[in-house]
>>> print(open('final13.txt').read())   # compact mmCIF, C-alpha atoms
# COMPACT_ATOMS: atom_id res chain seq x y z
CA MET A 14 61.66 -12.42 -1.69
CA LYS A 15 64.19 -10.12 -0.09
CA ILE A 16 62.89 -6.71 0.93
CA ALA A 17 65.31 -3.83 0.34
CA ILE A 18 66.30 -1.85 3.41
CA MET A 19 68.03 1.38 2.39
CA LYS A 20 70.28 3.53 4.51
CA LEU A 21 70.09 7.31 4.26
CA GLY A 22 72.26 9.09 6.79
CA GLY A 23 71.50 7.38 10.09
CA ILE A 24 68.00 6.41 8.96
CA LEU A 25 66.82 3.14 7.45
CA ILE A 26 64.04 3.32 4.90
CA THR A 27 62.10 0.29 3.75
CA ALA A 28 58.86 -0.34 1.91
CA LEU A 29 56.74 -3.46 2.35
CA PRO A 30 55.64 -4.88 -1.01
CA LEU A 31 52.13 -5.95 -1.94
CA ASP A 32 51.23 -9.58 -1.29
CA LEU A 33 54.08 -10.57 0.95
CA ILE A 34 53.89 -14.18 2.12
CA ASP A 35 54.15 -14.85 5.86
CA GLU A 36 57.58 -16.40 5.69
CA ASP A 37 59.06 -13.39 3.88
CA ALA A 38 57.40 -11.02 6.33
CA MET A 39 59.08 -12.84 9.22
CA GLU A 40 62.40 -12.79 7.41
CA PHE A 41 62.01 -9.05 6.94
CA GLN A 42 61.61 -8.63 10.69
CA GLY A 43 64.93 -10.32 11.31
CA ASP A 44 66.68 -8.46 8.49
CA LEU A 45 65.49 -5.10 9.79
CA LEU A 46 66.89 -5.72 13.26
CA ASN A 47 70.20 -6.87 11.79
CA GLU A 48 70.42 -3.76 9.64
CA ILE A 49 69.65 -1.47 12.59
CA ASN A 50 72.39 -3.18 14.51
CA ALA A 51 74.90 -3.17 11.64
CA HIS A 52 74.43 0.53 10.84
CA ASP A 53 73.70 1.90 14.33
CA ALA A 54 70.52 3.29 12.80
CA LYS A 55 68.81 5.94 14.88
CA GLY A 56 65.57 5.84 12.98
CA VAL A 57 63.51 3.52 10.78
CA ILE A 58 60.77 4.36 8.32
CA ILE A 59 58.52 1.55 7.14
CA ASP A 60 56.42 2.59 4.15
CA ILE A 61 53.26 0.50 3.73
CA SER A 62 51.64 2.46 0.91
CA ALA A 63 51.83 -0.57 -1.42
CA LEU A 64 49.75 -2.76 0.90
CA ASP A 65 46.10 -3.16 -0.09
CA LEU A 66 45.24 -4.78 3.23
CA VAL A 67 46.75 -5.41 6.64
CA ASP A 68 45.46 -8.52 8.38
CA SER A 69 46.20 -9.46 11.99
CA PHE A 70 49.39 -11.30 11.01
CA MET A 71 50.80 -8.35 9.08
CA ALA A 72 49.73 -5.98 11.85
CA ARG A 73 51.68 -8.12 14.28
CA ILE A 74 54.77 -8.16 12.05
CA ILE A 75 54.69 -4.36 11.79
CA ASN A 76 54.04 -3.91 15.53
CA ASP A 77 56.68 -6.37 16.62
CA SER A 78 59.24 -4.95 14.20
CA ALA A 79 58.64 -1.47 15.59
CA THR A 80 58.78 -2.64 19.20
CA MET A 81 61.98 -4.63 18.65
CA ALA A 82 63.58 -1.74 16.76
CA GLY A 83 62.61 0.49 19.67
CA LEU A 84 64.31 -1.90 22.08
CA LEU A 85 67.49 -1.51 20.06
CA GLY A 86 67.14 2.24 20.48
CA ALA A 87 65.83 3.22 17.06
CA GLU A 88 62.83 5.47 16.48
CA VAL A 89 60.24 3.95 14.14
CA VAL A 90 57.57 5.60 12.03
CA VAL A 91 55.21 3.70 9.74
CA CYS A 92 53.88 5.71 6.81
CA GLY A 93 51.55 5.62 3.84
CA MET A 94 48.67 3.56 5.19
CA GLN A 95 45.74 3.53 2.77
CA PRO A 96 42.55 4.92 4.37
CA GLN A 97 40.53 1.71 4.01
CA ILE A 98 43.23 -0.18 5.91
CA GLY A 99 42.85 2.25 8.80
CA THR A 100 39.13 1.49 8.77
CA THR A 101 39.54 -2.28 8.79
CA LEU A 102 42.20 -2.18 11.51
CA ILE A 103 39.92 -0.21 13.82
CA GLU A 104 37.02 -2.55 13.11
CA MET A 105 39.14 -5.64 13.70
CA GLY A 106 40.33 -4.51 17.10
CA ARG A 107 41.75 -1.26 18.32
CA GLU A 108 44.89 -2.76 19.77
CA LEU A 109 46.04 -4.21 16.46
CA LEU A 110 48.38 -1.48 15.37
CA GLY A 111 50.08 0.53 18.09
CA VAL A 112 52.92 2.11 16.17
CA GLU A 113 53.64 5.73 15.39
CA THR A 114 52.36 6.59 11.91
CA ALA A 115 52.75 9.41 9.42
CA LEU A 116 50.69 10.25 6.35
CA ASN A 117 53.52 9.88 3.85
CA LEU A 118 57.25 9.41 3.49
CA ASP A 119 58.02 13.15 3.62
CA LEU A 120 56.22 13.60 6.92
CA ALA A 121 57.70 10.38 8.30
CA MET A 122 61.20 11.62 7.50
CA ALA A 123 60.50 15.00 9.12
CA ARG A 124 59.18 13.23 12.22
CA ILE A 125 62.14 10.87 12.48
CA LEU A 126 64.68 13.67 12.01
CA ALA A 127 62.97 15.75 14.71
CA LYS A 128 63.05 12.80 17.12
CA VAL A 129 66.65 11.96 16.40
CA LYS A 130 67.64 15.61 16.79
CA ALA A 131 65.80 15.85 20.11
CA GLU A 132 67.62 12.78 21.31
CA ASP A 133 70.98 14.15 20.23
CA MET A 134 70.29 17.38 22.12
CA GLU A 135 69.34 15.41 25.21
CA GLN A 136 72.59 13.55 24.96
CA ALA A 137 74.50 16.82 24.55
CA ASP A 138 72.76 18.20 27.64
CA ASP A 139 73.70 15.15 29.63
CA GLY A 140 77.30 15.61 28.56
CA THR A 141 77.66 19.08 30.11
CA MET B 22 22.63 -8.26 -11.22
CA THR B 23 26.14 -9.43 -11.92
CA GLU B 24 26.48 -13.15 -11.81
CA LEU B 25 29.56 -14.44 -10.12
CA LYS B 26 31.21 -17.58 -11.38
CA ASN B 27 31.88 -20.08 -8.65
CA THR B 28 35.59 -20.12 -7.91
CA GLN B 29 37.12 -23.05 -6.10
CA LEU B 30 40.66 -22.56 -4.81
CA ALA B 31 43.02 -24.92 -3.03
CA ILE B 32 44.61 -23.91 0.27
CA SER B 33 47.95 -25.67 0.52
CA SER B 34 50.68 -23.04 0.75
CA GLN B 35 51.34 -19.52 2.02
CA THR B 36 50.95 -18.27 -1.54
CA ASP B 37 47.37 -19.58 -1.54
CA VAL B 38 46.54 -17.17 1.30
CA ILE B 39 47.36 -14.38 -1.14
CA VAL B 40 45.64 -15.98 -4.13
CA CYS B 41 42.42 -16.57 -2.16
CA ARG B 42 42.24 -13.01 -0.84
CA GLN B 43 43.00 -11.59 -4.30
CA LYS B 44 40.20 -13.66 -5.84
CA ALA B 45 37.84 -12.62 -3.04
CA ARG B 46 38.64 -8.99 -3.77
CA GLU B 47 38.15 -9.50 -7.51
CA ALA B 48 34.77 -11.10 -6.82
CA ALA B 49 33.82 -8.15 -4.61
CA VAL B 50 34.84 -5.74 -7.39
CA THR B 51 32.78 -7.73 -9.93
CA MET B 52 29.75 -7.60 -7.65
CA GLY B 53 30.10 -3.85 -7.26
CA PHE B 54 31.24 -3.63 -3.65
CA GLY B 55 33.04 -0.41 -2.70
CA LEU B 56 36.70 -0.19 -1.77
CA ALA B 57 36.07 -0.39 1.98
CA ASP B 58 33.99 -3.57 1.66
CA GLN B 59 36.46 -5.09 -0.82
CA THR B 60 39.17 -4.56 1.78
CA ARG B 61 37.04 -5.93 4.63
CA LEU B 62 36.23 -9.07 2.65
CA ALA B 63 39.81 -9.64 1.44
CA THR B 64 41.16 -9.12 4.96
CA ALA B 65 38.66 -11.58 6.47
CA VAL B 66 39.54 -14.15 3.80
CA SER B 67 43.23 -13.65 4.52
CA GLU B 68 42.64 -14.41 8.21
CA LEU B 69 40.49 -17.47 7.61
CA VAL B 70 42.58 -19.03 4.85
CA ARG B 71 45.71 -18.59 6.97
CA ASN B 72 43.91 -20.33 9.86
CA ALA B 73 42.84 -23.19 7.57
CA LEU B 74 46.45 -23.58 6.46
CA ARG B 75 48.02 -23.36 9.91
CA HIS B 76 45.51 -25.15 12.07
CA GLY B 77 43.67 -27.26 9.52
CA GLY B 78 46.65 -28.33 7.42
CA GLY B 79 45.09 -26.82 4.31
CA GLY B 80 41.79 -27.27 2.53
CA ASN B 81 39.86 -25.25 0.03
CA CYS B 82 38.12 -21.96 -0.51
CA LEU B 83 34.93 -21.50 -2.50
CA ILE B 84 33.78 -18.09 -3.67
CA ARG B 85 30.22 -17.80 -4.96
CA ASP B 86 27.41 -15.35 -5.26
CA LEU B 87 24.64 -15.31 -2.80
CA GLU B 88 21.02 -14.73 -3.47
CA GLU B 89 18.78 -14.76 -0.49
CA LYS B 90 15.17 -13.67 -0.19
CA VAL B 91 15.93 -10.08 0.51
CA GLN B 92 19.59 -9.52 -0.32
CA TYR B 93 22.36 -10.09 -2.82
CA GLY B 94 25.95 -10.63 -1.90
CA ILE B 95 28.98 -12.87 -1.81
CA GLU B 96 29.47 -16.03 0.17
CA ILE B 97 32.89 -17.53 0.75
CA LEU B 98 33.31 -20.97 2.24
CA ILE B 99 36.64 -21.94 3.74
CA GLU B 100 37.03 -25.61 4.53
CA ASP B 101 39.77 -27.69 6.06
CA ASP B 102 39.99 -31.26 7.28
CA GLY B 103 42.05 -30.50 10.37
CA PRO B 104 41.31 -31.32 14.01
CA GLY B 105 38.38 -28.91 14.21
CA ILE B 106 37.59 -26.14 16.66
CA ALA B 107 36.74 -27.62 20.05
CA ASP B 108 35.01 -24.57 21.50
CA ILE B 109 33.67 -22.20 18.86
CA ASP B 110 32.54 -19.51 21.30
CA GLN B 111 35.96 -19.47 22.88
CA ALA B 112 37.67 -19.35 19.47
CA LEU B 113 35.68 -16.20 18.68
CA GLU B 114 36.96 -14.43 21.80
CA ASP B 115 39.77 -11.90 21.39
CA GLY B 116 43.10 -13.25 22.49
CA TYR B 117 42.20 -16.93 22.56
CA SER B 118 44.81 -18.97 20.74
CA THR B 119 45.91 -22.56 20.68
CA ASP B 120 49.31 -21.61 19.33
CA LYS B 121 51.61 -18.65 19.81
CA SER B 122 49.61 -16.25 17.65
CA LEU B 123 47.64 -13.45 19.28
CA GLY B 124 44.33 -15.16 18.62
CA LEU B 125 42.89 -12.11 16.92
CA GLY B 126 42.31 -13.53 13.45
CA LEU B 127 38.94 -15.21 13.85
CA PRO B 128 37.23 -12.53 15.97
CA ALA B 129 38.68 -9.88 13.64
CA ALA B 130 37.26 -11.66 10.59
CA LYS B 131 33.86 -11.84 12.28
CA ARG B 132 33.81 -8.08 12.78
CA LEU B 133 34.67 -7.40 9.14
CA VAL B 134 31.86 -9.31 7.45
CA HIS B 135 28.08 -9.34 7.82
CA VAL B 136 27.78 -13.03 8.69
CA LEU B 137 30.37 -15.51 9.88
CA HIS B 138 29.21 -19.01 10.59
CA ILE B 139 31.40 -21.83 11.84
CA ASP B 140 30.56 -25.47 11.42
CA SER B 141 33.26 -27.61 12.98
CA GLN B 142 33.83 -31.17 13.99
CA PRO B 143 37.01 -33.25 14.20
CA GLY B 144 38.16 -33.83 10.62
CA ARG B 145 36.15 -31.06 9.02
CA THR B 146 35.75 -27.36 9.66
CA CYS B 147 33.75 -25.15 7.36
CA ILE B 148 33.56 -21.42 7.88
CA SER B 149 31.08 -19.44 5.83
CA ILE B 150 31.29 -15.68 5.52
CA LYS B 151 28.76 -13.46 3.81
CA MET B 152 28.80 -9.87 2.67
CA TYR B 153 25.54 -8.31 1.48
CA LEU B 154 25.47 -5.77 -1.28
CA GLN B 155 22.04 -4.22 -1.14
CA LYS B 156 18.50 -4.95 -0.34
CA LYS B 157 16.36 -6.17 -3.21
CA ALA B 158 13.41 -4.07 -4.12
CA ALA B 159 10.35 -5.54 -2.45
>>> encode(input="final13.txt", output="structure tokens")
Amino acid sequence: MKIAIMKLGGILITALPLDLIDEDAMEFQGDLLNEINAHDAKGVIIDISALDLVDSFMARIINDSATMAGLLGAEVVVCGMQPQIGTTLIEMGRELLGVETALNLDLAMARILAKVKAEDMEQADDGT
Amino acid sequence: MTELKNTQLAISSQTDVIVCRQKAREAAVTMGFGLADQTRLATAVSELVRNALRHGGGGNCLIRDLEEKVQYGIEILIEDDGPGIADIDQALEDGYSTDKSLGLGLPAAKRLVHVLHIDSQPGRTCISIKMYLQKKAA
């Protein structure tokens, strides 16, 4: 199953579907990096509101995707985590999910835009 | 008390990881577990079934109700006929892995359920997890 990655301005928005098999999750990781590269994306939002659980494998996919996207220079925010997933992740091990999160897509977008804007201003400052 | 039908599921593909955890969640719903416990149980099953598939080459998953002297609950048995776990204590430590994974699955599963018991020898590993619903009236 191919996961849609949508481009809005310089931001990529994607939503992980419920019951993703491991192979598709790994394919998503590769696709996301390719899309960031192809579109020079400055930010990525990964919505996980459809997920009814996040096990250690899925946590790793999300973490690694965010870290790799960061290495390419994109800001990443994960949004929409259901409360009971937060609980299980903490119980399973505190280091499982180390990504920046936002409550919902609206807040994630606001956060990403603020980060991208701050970066642009930094760049402008460096230019003078 | 809601009786749970025994459910036996095969573990032979990545899709079975999803089927097993869905059935575990359904069983937890049937038994009256809350959303947090449903999620804990389904997450633990996801970890263990994936392990059985990856390290044990597949096997099966049995979901049944549990009636002990003082408590009701669910028991899920995950079996595989793989090489077995050489050192169970070590396997339950965070970060121990025989492959390239982070080695967090088994210890994570243990933290999510009330009881996790491993019985392993070369050729057969059986992991039992239990979640208790409530104490019976004395």
>>> interface_residues(input="final13.txt", of="chain A", to="chain B", cutoff="12 Å", atoms="only C-alpha atoms", output="MDAnalysis selection string")
chainID A and resid 31:38 64:74 77 95:109
>>> atom_distance(input="final13.txt", atom1="atom CA of Glu114 of chain B", atom2="atom CA of Glu40 of chain A")
29.3 Å
>>> atom_distance(input="final13.txt", atom1="atom CA of Cys41 of chain B", atom2="atom CA of Ile18 of chain A")
28.6 Å
>>> residues_around(input="final13.txt", residues="segment 87-89 of chain B", least_positions_apart="3", cutoff="9 Å", atoms="all atoms listed in the file", output="PDB file with C-alpha atoms, keeping the file's coordinate frame")
ATOM      1  CA  LEU B  25      29.560 -14.440 -10.120  1.00  0.00           C
ATOM      2  CA  GLN B  92      19.590  -9.520  -0.320  1.00  0.00           C
ATOM      3  CA  TYR B  93      22.360 -10.090  -2.820  1.00  0.00           C
ATOM      4  CA  GLY B  94      25.950 -10.630  -1.900  1.00  0.00           C
ATOM      5  CA  ILE B  95      28.980 -12.870  -1.810  1.00  0.00           C
ATOM      6  CA  GLU B  96      29.470 -16.030   0.170  1.00  0.00           C
ATOM      7  CA  LYS B 151      28.760 -13.460   3.810  1.00  0.00           C
ATOM      8  CA  MET B 152      28.800  -9.870   2.670  1.00  0.00           C
ATOM      9  CA  TYR B 153      25.540  -8.310   1.480  1.00  0.00           C
TER      10      TYR B 153
END
>>> residues_around(input="final13.txt", residues="Ile109 of chain B", least_positions_apart="6", cutoff="9 Å", atoms="all atoms listed in the file", output="list of chain:residue names")
B:Ile139, B:Asp140, B:Ser141
>>> atom_distance(input="final13.txt", atom1="atom CA of Met81 of chain A", atom2="atom CA of Gln42 of chain A")
8.9 Å
>>> closest_residue(input="final13.txt", among="A:Gln136, A:Ser62, A:Asn47, A:Thr27", to="Leu116 of chain A", atoms="all atoms listed in the file")
A:Ser62
>>> closest_residue(input="final13.txt", among="A:Ile61, A:Ile49, A:Leu29, A:Ala127", to="Leu84 of chain A", atoms="all atoms listed in the file")
A:Ile49
>>> closest_residue(input="final13.txt", among="B:Ala73, B:Ile84, B:Val50, B:Ile32", to="Gly103 of chain B", atoms="only C-alpha atoms")
B:Ala73
